[in-house]
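S.K.: Pasting a structure here, questions to come.
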Amino acid sequence: MTAEPNPDRRSQRARRAILDATFELAVANGYAKLTIEAIAARAKVGKPTIYRWWPSKGAVALDALNERIGHTTDFPDTGDIAADLAHQITAVAAMFLGDVGAVYRGIIGEAQHDPALNAAVRATIIEPRAQQCAARLDAAVAAGQLRADLPTRSMVDLFYGPLYYRFLLGDPAGVPRTPDLVPKIINGLRPA
(Lines give C-alpha, C1' and ligand atoms only; values in the text may rest on other atoms or scores of the structure.)
Protein backbone atom coordinates (compact mmCIF):
# COMPACT_ATOMS: atom_id res chain seq x y z
CA MET A 1 0.00 0.00 0.00
CA THR A 2 1.40 3.41 -0.95
CA ALA A 3 1.21 6.30 1.48
CA GLU A 4 -0.76 9.41 0.64
CA PRO A 5 1.50 12.20 -0.64
CA ASN A 6 2.39 14.73 2.01
CA PRO A 7 1.06 18.10 0.75
CA ASP A 8 3.49 20.00 2.99
CA ARG A 9 6.48 18.20 1.47
CA ARG A 10 5.08 18.75 -2.02
CA SER A 11 4.61 22.45 -1.23
CA GLN A 12 8.16 22.76 0.05
CA ARG A 13 9.51 21.03 -3.04
CA ALA A 14 7.48 23.36 -5.28
CA ARG A 15 8.58 26.42 -3.31
CA ARG A 16 12.24 25.40 -3.53
CA ALA A 17 11.93 24.71 -7.27
CA ILE A 18 10.31 28.12 -7.82
CA LEU A 19 12.97 30.01 -5.87
CA ASP A 20 15.81 28.17 -7.60
CA ALA A 21 14.25 28.66 -11.04
CA THR A 22 13.71 32.35 -10.36
CA PHE A 23 17.30 33.00 -9.37
CA GLU A 24 18.77 30.85 -12.15
CA LEU A 25 16.65 32.50 -14.85
CA ALA A 26 17.34 36.01 -13.57
CA VAL A 27 21.08 35.32 -13.65
CA ALA A 28 21.07 33.55 -17.02
CA ASN A 29 18.77 35.89 -18.94
CA GLY A 30 18.81 39.11 -16.93
CA TYR A 31 16.20 40.28 -14.46
CA ALA A 32 14.33 42.32 -17.08
CA LYS A 33 13.56 39.16 -19.09
CA LEU A 34 12.35 37.19 -16.07
CA THR A 35 8.66 36.21 -16.31
CA ILE A 36 6.27 34.22 -14.17
CA GLU A 37 5.64 31.98 -17.21
CA ALA A 38 9.35 31.15 -17.50
CA ILE A 39 9.63 30.53 -13.76
CA ALA A 40 6.63 28.19 -13.83
CA ALA A 41 8.01 26.26 -16.81
CA ARG A 42 11.48 25.91 -15.29
CA ALA A 43 10.11 24.91 -11.86
CA LYS A 44 7.55 22.56 -13.43
CA VAL A 45 4.64 24.18 -11.58
CA GLY A 46 1.58 26.08 -12.71
CA LYS A 47 1.43 29.87 -12.58
CA PRO A 48 -1.34 29.68 -9.93
CA THR A 49 1.13 27.91 -7.63
CA ILE A 50 3.49 30.86 -7.89
CA TYR A 51 0.74 33.43 -7.44
CA ARG A 52 -0.53 31.57 -4.38
CA TRP A 53 2.67 32.58 -2.57
CA TRP A 54 3.87 35.72 -4.36
CA PRO A 55 1.97 38.63 -5.95
CA SER A 56 4.61 39.45 -8.58
CA LYS A 57 7.90 38.42 -10.15
CA GLY A 58 9.62 41.01 -7.97
CA ALA A 59 8.27 39.41 -4.81
CA VAL A 60 9.40 35.90 -5.77
CA ALA A 61 12.78 37.23 -6.93
CA LEU A 62 13.21 39.06 -3.62
CA ASP A 63 12.59 35.84 -1.67
CA ALA A 64 15.01 33.96 -3.92
CA LEU A 65 17.59 36.68 -3.41
CA ASN A 66 17.15 36.82 0.36
CA GLU A 67 17.71 33.07 0.57
CA ARG A 68 20.91 33.39 -1.47
CA ILE A 69 22.22 36.18 0.76
CA GLY A 70 21.59 34.20 3.93
CA HIS A 71 24.16 35.08 6.57
CA THR A 72 26.73 36.48 4.13
CA THR A 73 26.12 40.01 5.34
CA ASP A 74 26.03 39.28 9.07
CA PHE A 75 28.02 41.75 11.11
CA PRO A 76 31.03 40.50 13.11
CA ASP A 77 31.91 41.86 16.54
CA THR A 78 35.61 41.43 17.23
CA GLY A 79 35.78 44.56 19.37
CA ASP A 80 37.51 46.49 16.57
CA ILE A 81 34.85 48.54 14.79
CA ALA A 82 37.11 49.48 11.87
CA ALA A 83 38.04 45.85 11.18
CA ASP A 84 34.44 44.71 11.59
CA LEU A 85 33.12 47.34 9.17
CA ALA A 86 35.84 46.65 6.61
CA HIS A 87 35.12 42.90 6.83
CA GLN A 88 31.38 43.33 6.44
CA ILE A 89 31.53 45.91 3.66
CA THR A 90 34.05 43.72 1.81
CA ALA A 91 31.60 40.80 2.00
CA VAL A 92 28.73 42.96 0.72
CA ALA A 93 30.89 44.40 -2.08
CA ALA A 94 31.90 40.90 -3.21
CA MET A 95 28.26 39.83 -3.18
CA PHE A 96 27.24 42.89 -5.21
CA LEU A 97 29.78 42.01 -7.90
CA GLY A 98 28.37 38.51 -8.39
CA ASP A 99 25.08 36.95 -9.41
CA VAL A 100 23.33 38.21 -6.28
CA GLY A 101 24.20 41.78 -7.23
CA ALA A 102 22.87 41.39 -10.75
CA VAL A 103 19.51 40.14 -9.46
CA TYR A 104 19.40 42.70 -6.64
CA ARG A 105 19.99 45.58 -9.07
CA GLY A 106 17.00 44.40 -11.13
CA ILE A 107 14.79 44.15 -8.05
CA ILE A 108 15.80 47.62 -6.89
CA GLY A 109 15.02 49.00 -10.35
CA GLU A 110 11.57 47.44 -10.33
CA ALA A 111 10.99 48.62 -6.76
CA GLN A 112 11.18 52.22 -7.97
CA HIS A 113 7.72 51.89 -9.52
CA ASP A 114 6.27 49.11 -7.33
CA PRO A 115 5.51 50.48 -3.83
CA ALA A 116 4.81 47.02 -2.39
CA LEU A 117 8.12 45.66 -3.65
CA ASN A 118 9.91 48.79 -2.44
CA ALA A 119 8.50 48.27 1.05
CA ALA A 120 9.44 44.58 0.95
CA VAL A 121 13.04 45.38 -0.08
CA ARG A 122 13.32 47.82 2.80
CA ALA A 123 11.70 45.40 5.28
CA THR A 124 13.58 42.23 4.32
CA ILE A 125 16.94 43.34 2.93
CA ILE A 126 17.83 46.86 4.03
CA GLU A 127 16.26 47.40 7.43
CA PRO A 128 17.39 44.18 9.19
CA ARG A 129 20.96 44.74 8.06
CA ALA A 130 20.89 48.46 8.90
CA GLN A 131 19.64 47.57 12.39
CA GLN A 132 22.42 45.02 12.81
CA CYS A 133 25.01 47.58 11.74
CA ALA A 134 23.52 50.27 14.00
CA ALA A 135 23.64 47.84 16.95
CA ARG A 136 27.33 47.18 16.26
CA LEU A 137 27.97 50.93 15.97
CA ASP A 138 26.07 51.51 19.23
CA ALA A 139 28.46 49.08 20.92
CA ALA A 140 31.41 51.00 19.46
CA VAL A 141 29.97 54.29 20.75
CA ALA A 142 29.48 52.73 24.21
CA ALA A 143 33.10 51.49 24.12
CA GLY A 144 34.33 55.00 23.30
CA GLN A 145 35.54 54.02 19.81
CA LEU A 146 33.10 56.38 18.05
CA ARG A 147 31.66 59.75 18.98
CA ALA A 148 28.25 59.87 20.61
CA ASP A 149 26.90 63.11 19.11
CA LEU A 150 25.80 61.56 15.79
CA PRO A 151 22.97 59.01 15.58
CA THR A 152 24.29 55.61 14.61
CA ARG A 153 21.66 55.35 11.84
CA SER A 154 23.36 58.37 10.24
CA MET A 155 26.67 56.54 10.57
CA VAL A 156 25.16 53.56 8.75
CA ASP A 157 24.37 55.90 5.85
CA LEU A 158 27.94 57.21 5.82
CA PHE A 159 29.38 53.71 5.51
CA TYR A 160 26.91 52.15 3.09
CA GLY A 161 25.95 55.17 0.96
CA PRO A 162 29.17 55.00 -1.09
CA LEU A 163 28.75 51.25 -1.63
CA TYR A 164 25.17 51.57 -2.90
CA TYR A 165 26.09 54.64 -4.97
CA ARG A 166 28.84 52.73 -6.76
CA PHE A 167 26.76 49.55 -7.06
CA LEU A 168 23.63 51.17 -8.44
CA LEU A 169 25.28 53.69 -10.75
CA GLY A 170 27.41 51.14 -12.55
CA ASP A 171 30.87 51.62 -11.09
CA PRO A 172 31.97 47.99 -10.75
CA ALA A 173 35.62 49.00 -10.37
CA GLY A 174 34.68 51.26 -7.45
CA VAL A 175 32.61 48.68 -5.56
CA PRO A 176 35.57 46.60 -4.29
CA ARG A 177 37.43 49.78 -3.29
CA THR A 178 34.58 50.89 -1.02
CA PRO A 179 36.03 49.18 2.10
CA ASP A 180 39.07 51.45 1.65
CA LEU A 181 36.81 54.33 2.74
CA VAL A 182 36.16 52.77 6.16
CA PRO A 183 39.31 54.13 7.88
CA LYS A 184 38.63 57.62 6.53
CA ILE A 185 35.02 57.59 7.72
CA ILE A 186 36.05 56.09 11.08
CA ASN A 187 38.61 58.89 11.56
CA GLY A 188 35.82 61.43 11.15
CA LEU A 189 33.69 59.58 13.68
CA ARG A 190 36.31 59.16 16.43
CA PRO A 191 35.69 61.05 19.66
CA ALA A 192 37.42 64.45 19.77
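Numbering starts fresh at 1 for the residues of each chain in the C-alpha coordinates, the chains themselves are lettered A, B, ... in the order given, and ligands are numbered from 1 as they appear.
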Quick one: everything within 7 Å of Gln145 (chain A), counting only C-alpha atoms, minus sequence neighbours fewer than 4 positions away in the same chain. Send it as a PyMOL selection string.
M.R.: chain A and resi 140-141+190
S.K.: Need to verify the contact set: Ala14 (chain A), 8 Å, only C-alpha atoms, exclusion of same-chain residues closer than 3 positions in sequence. Can you return it as a list in words?
M.R.: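 Contacts, in chain order: Arg10, Ser11, Ala17, Ile18, Ala43 and Val45 of chain A.
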S.K.: Determine, counting only C-alpha atoms, which protein, DNA and RNA residues have an atom within 12 Å of an atom of Leu85 (chain A); residues of the same chain fewer than 3 positions away are not included. Present the result as number ranges by chain.
M.R.: A: 73-82, 88-93, 132-134, 136-137, 140, 155-156, 158-160, 178-186
S.K.: Kindly indicate which residue among A:Asp84, A:Ile39, A:Asp157, A:Ala59 lies nearest to Ala139 (chain A), using only C-alpha atoms for the distances.
M.R.: A:Asp84
S.K.: Name the residues in contact with Ala111 (chain A) at a cut-off of 12 Å, using only C-alpha atoms, excluding same-chain residues fewer than 2 positions from it; report them as a VMD selection string.
M.R.: chain A and resid 56 to 59 61 to 62 104 to 109 113 to 122
S.K.: Please produce a file of those selected residues containing N, CA, C and O atoms, as a PDB file, in the first residue's frame.
M.R.:
```
ATOM      1  N   SER A  56       3.938  38.943  -7.388  1.00  0.00           N
ATOM      2  CA  SER A  56       4.609  39.452  -8.583  1.00  0.00           C
ATOM      3  C   SER A  56       5.965  38.774  -8.749  1.00  0.00           C
ATOM      4  O   SER A  56       6.466  38.126  -7.827  1.00  0.00           O
ATOM      5  N   LYS A  57       6.557  38.977  -9.922  1.00  0.00           N
ATOM      6  CA  LYS A  57       7.898  38.425 -10.151  1.00  0.00           C
ATOM      7  C   LYS A  57       8.902  39.060  -9.201  1.00  0.00           C
ATOM      8  O   LYS A  57       9.835  38.408  -8.742  1.00  0.00           O
ATOM      9  N   GLY A  58       8.713  40.346  -8.892  1.00  0.00           N
ATOM     10  CA  GLY A  58       9.622  41.013  -7.966  1.00  0.00           C
ATOM     11  C   GLY A  58       9.591  40.385  -6.589  1.00  0.00           C
ATOM     12  O   GLY A  58      10.633  40.221  -5.942  1.00  0.00           O
ATOM     13  N   ALA A  59       8.404  40.009  -6.145  1.00  0.00           N
ATOM     14  CA  ALA A  59       8.270  39.407  -4.812  1.00  0.00           C
ATOM     15  C   ALA A  59       8.944  38.041  -4.751  1.00  0.00           C
ATOM     16  O   ALA A  59       9.646  37.726  -3.784  1.00  0.00           O
ATOM     17  N   ALA A  61      11.343  37.002  -6.758  1.00  0.00           N
ATOM     18  CA  ALA A  61      12.784  37.228  -6.932  1.00  0.00           C
ATOM     19  C   ALA A  61      13.414  37.722  -5.629  1.00  0.00           C
ATOM     20  O   ALA A  61      14.537  37.328  -5.288  1.00  0.00           O
ATOM     21  N   LEU A  62      12.694  38.563  -4.893  1.00  0.00           N
ATOM     22  CA  LEU A  62      13.213  39.055  -3.617  1.00  0.00           C
ATOM     23  C   LEU A  62      13.394  37.914  -2.624  1.00  0.00           C
ATOM     24  O   LEU A  62      14.414  37.843  -1.933  1.00  0.00           O
ATOM     25  N   TYR A 104      19.790  41.630  -7.566  1.00  0.00           N
ATOM     26  CA  TYR A 104      19.400  42.699  -6.640  1.00  0.00           C
ATOM     27  C   TYR A 104      19.214  44.028  -7.373  1.00  0.00           C
ATOM     28  O   TYR A 104      18.264  44.767  -7.120  1.00  0.00           O
ATOM     29  N   ARG A 105      20.108  44.334  -8.300  1.00  0.00           N
ATOM     30  CA  ARG A 105      19.995  45.577  -9.072  1.00  0.00           C
ATOM     31  C   ARG A 105      18.670  45.602  -9.841  1.00  0.00           C
ATOM     32  O   ARG A 105      17.991  46.627  -9.902  1.00  0.00           O
ATOM     33  N   GLY A 106      18.276  44.475 -10.418  1.00  0.00           N
ATOM     34  CA  GLY A 106      17.000  44.398 -11.127  1.00  0.00           C
ATOM     35  C   GLY A 106      15.816  44.599 -10.209  1.00  0.00           C
ATOM     36  O   GLY A 106      14.853  45.303 -10.553  1.00  0.00           O
ATOM     37  N   ILE A 107      15.879  44.001  -9.037  1.00  0.00           N
ATOM     38  CA  ILE A 107      14.790  44.152  -8.054  1.00  0.00           C
ATOM     39  C   ILE A 107      14.690  45.605  -7.605  1.00  0.00           C
ATOM     40  O   ILE A 107      13.587  46.160  -7.518  1.00  0.00           O
ATOM     41  N   ILE A 108      15.817  46.224  -7.316  1.00  0.00           N
ATOM     42  CA  ILE A 108      15.801  47.624  -6.886  1.00  0.00           C
ATOM     43  C   ILE A 108      15.219  48.509  -7.990  1.00  0.00           C
ATOM     44  O   ILE A 108      14.432  49.423  -7.719  1.00  0.00           O
ATOM     45  N   GLY A 109      15.579  48.233  -9.235  1.00  0.00           N
ATOM     46  CA  GLY A 109      15.024  48.999 -10.351  1.00  0.00           C
ATOM     47  C   GLY A 109      13.507  48.873 -10.414  1.00  0.00           C
ATOM     48  O   GLY A 109      12.797  49.877 -10.567  1.00  0.00           O
ATOM     49  N   HIS A 113       9.096  51.626  -9.087  1.00  0.00           N
ATOM     50  CA  HIS A 113       7.722  51.887  -9.522  1.00  0.00           C
ATOM     51  C   HIS A 113       6.718  50.880  -8.963  1.00  0.00           C
ATOM     52  O   HIS A 113       5.586  50.834  -9.396  1.00  0.00           O
ATOM     53  N   ASP A 114       7.155  50.078  -7.995  1.00  0.00           N
ATOM     54  CA  ASP A 114       6.268  49.110  -7.334  1.00  0.00           C
ATOM     55  C   ASP A 114       6.367  49.347  -5.825  1.00  0.00           C
ATOM     56  O   ASP A 114       7.274  48.836  -5.167  1.00  0.00           O
ATOM     57  N   PRO A 115       5.425  50.136  -5.260  1.00  0.00           N
ATOM     58  CA  PRO A 115       5.515  50.480  -3.833  1.00  0.00           C
ATOM     59  C   PRO A 115       5.541  49.267  -2.904  1.00  0.00           C
ATOM     60  O   PRO A 115       6.240  49.284  -1.891  1.00  0.00           O
ATOM     61  N   ALA A 116       4.815  48.214  -3.251  1.00  0.00           N
ATOM     62  CA  ALA A 116       4.812  47.022  -2.391  1.00  0.00           C
ATOM     63  C   ALA A 116       6.183  46.350  -2.398  1.00  0.00           C
ATOM     64  O   ALA A 116       6.690  45.935  -1.354  1.00  0.00           O
ATOM     65  N   LEU A 117       6.789  46.258  -3.564  1.00  0.00           N
ATOM     66  CA  LEU A 117       8.121  45.664  -3.654  1.00  0.00           C
ATOM     67  C   LEU A 117       9.145  46.555  -2.956  1.00  0.00           C
ATOM     68  O   LEU A 117      10.029  46.062  -2.247  1.00  0.00           O
ATOM     69  N   ASN A 118       9.022  47.860  -3.107  1.00  0.00           N
ATOM     70  CA  ASN A 118       9.915  48.790  -2.438  1.00  0.00           C
ATOM     71  C   ASN A 118       9.862  48.588  -0.926  1.00  0.00           C
ATOM     72  O   ASN A 118      10.902  48.499  -0.262  1.00  0.00           O
ATOM     73  N   ALA A 119       8.659  48.493  -0.391  1.00  0.00           N
ATOM     74  CA  ALA A 119       8.498  48.274   1.048  1.00  0.00           C
ATOM     75  C   ALA A 119       9.085  46.928   1.466  1.00  0.00           C
ATOM     76  O   ALA A 119       9.722  46.816   2.523  1.00  0.00           O
ATOM     77  N   ALA A 120       8.912  45.915   0.628  1.00  0.00           N
ATOM     78  CA  ALA A 120       9.444  44.584   0.950  1.00  0.00           C
ATOM     79  C   ALA A 120      10.975  44.582   0.922  1.00  0.00           C
ATOM     80  O   ALA A 120      11.605  43.946   1.774  1.00  0.00           O
ATOM     81  N   VAL A 121      11.582  45.286  -0.034  1.00  0.00           N
ATOM     82  CA  VAL A 121      13.045  45.381  -0.082  1.00  0.00           C
ATOM     83  C   VAL A 121      13.550  46.041   1.193  1.00  0.00           C
ATOM     84  O   VAL A 121      14.501  45.566   1.824  1.00  0.00           O
ATOM     85  N   ARG A 122      12.896  47.118   1.571  1.00  0.00           N
ATOM     86  CA  ARG A 122      13.318  47.818   2.801  1.00  0.00           C
ATOM     87  C   ARG A 122      13.138  46.917   4.024  1.00  0.00           C
ATOM     88  O   ARG A 122      14.008  46.861   4.889  1.00  0.00           O
TER      89      ARG A 122
END
```
S.K.: What does the distance from CA of Leu19 (chain A) to CA of Asp99 (chain A) come to in Å, to one decimal?
M.R.: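 Those two atoms sit 14.4 Å apart.
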S.K.: Would you pick out the contacts of Ala40 (chain A) at 10 Å or less, using only C-alpha atoms, so that residues sharing its chain but fewer than 2 positions from it are not included, and give the list as a PyMOL selection string?
M.R.: chain A and resi 14+17-18+21-22+35-38+42-50
S.K.: Between CA of Gly170 (chain A) and CA of Asn187 (chain A), what is the distance in Å, rounded to a tenth?
M.R.: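 Separating CA of Gly170 (chain A) from CA of Asn187 (chain A) is a distance of 27.7 Å.
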S.K.: Point out the residue among A:Pro191, A:Met95, A:Trp54, A:Gly101 with the least atom-to-atom distance to Ala142 (chain A), counting only C-alpha atoms.
M.R.: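 Closest to Ala142 (chain A), using only C-alpha atoms: A:Pro191.
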S.K.: Suppose you want the space between CA of Ala135 (chain A) and CA of Ser154 (chain A); what is it in Å?
M.R.: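 Calculated distance between CA of Ala135 (chain A) and CA of Ser154 (chain A) is 12.5 Å.
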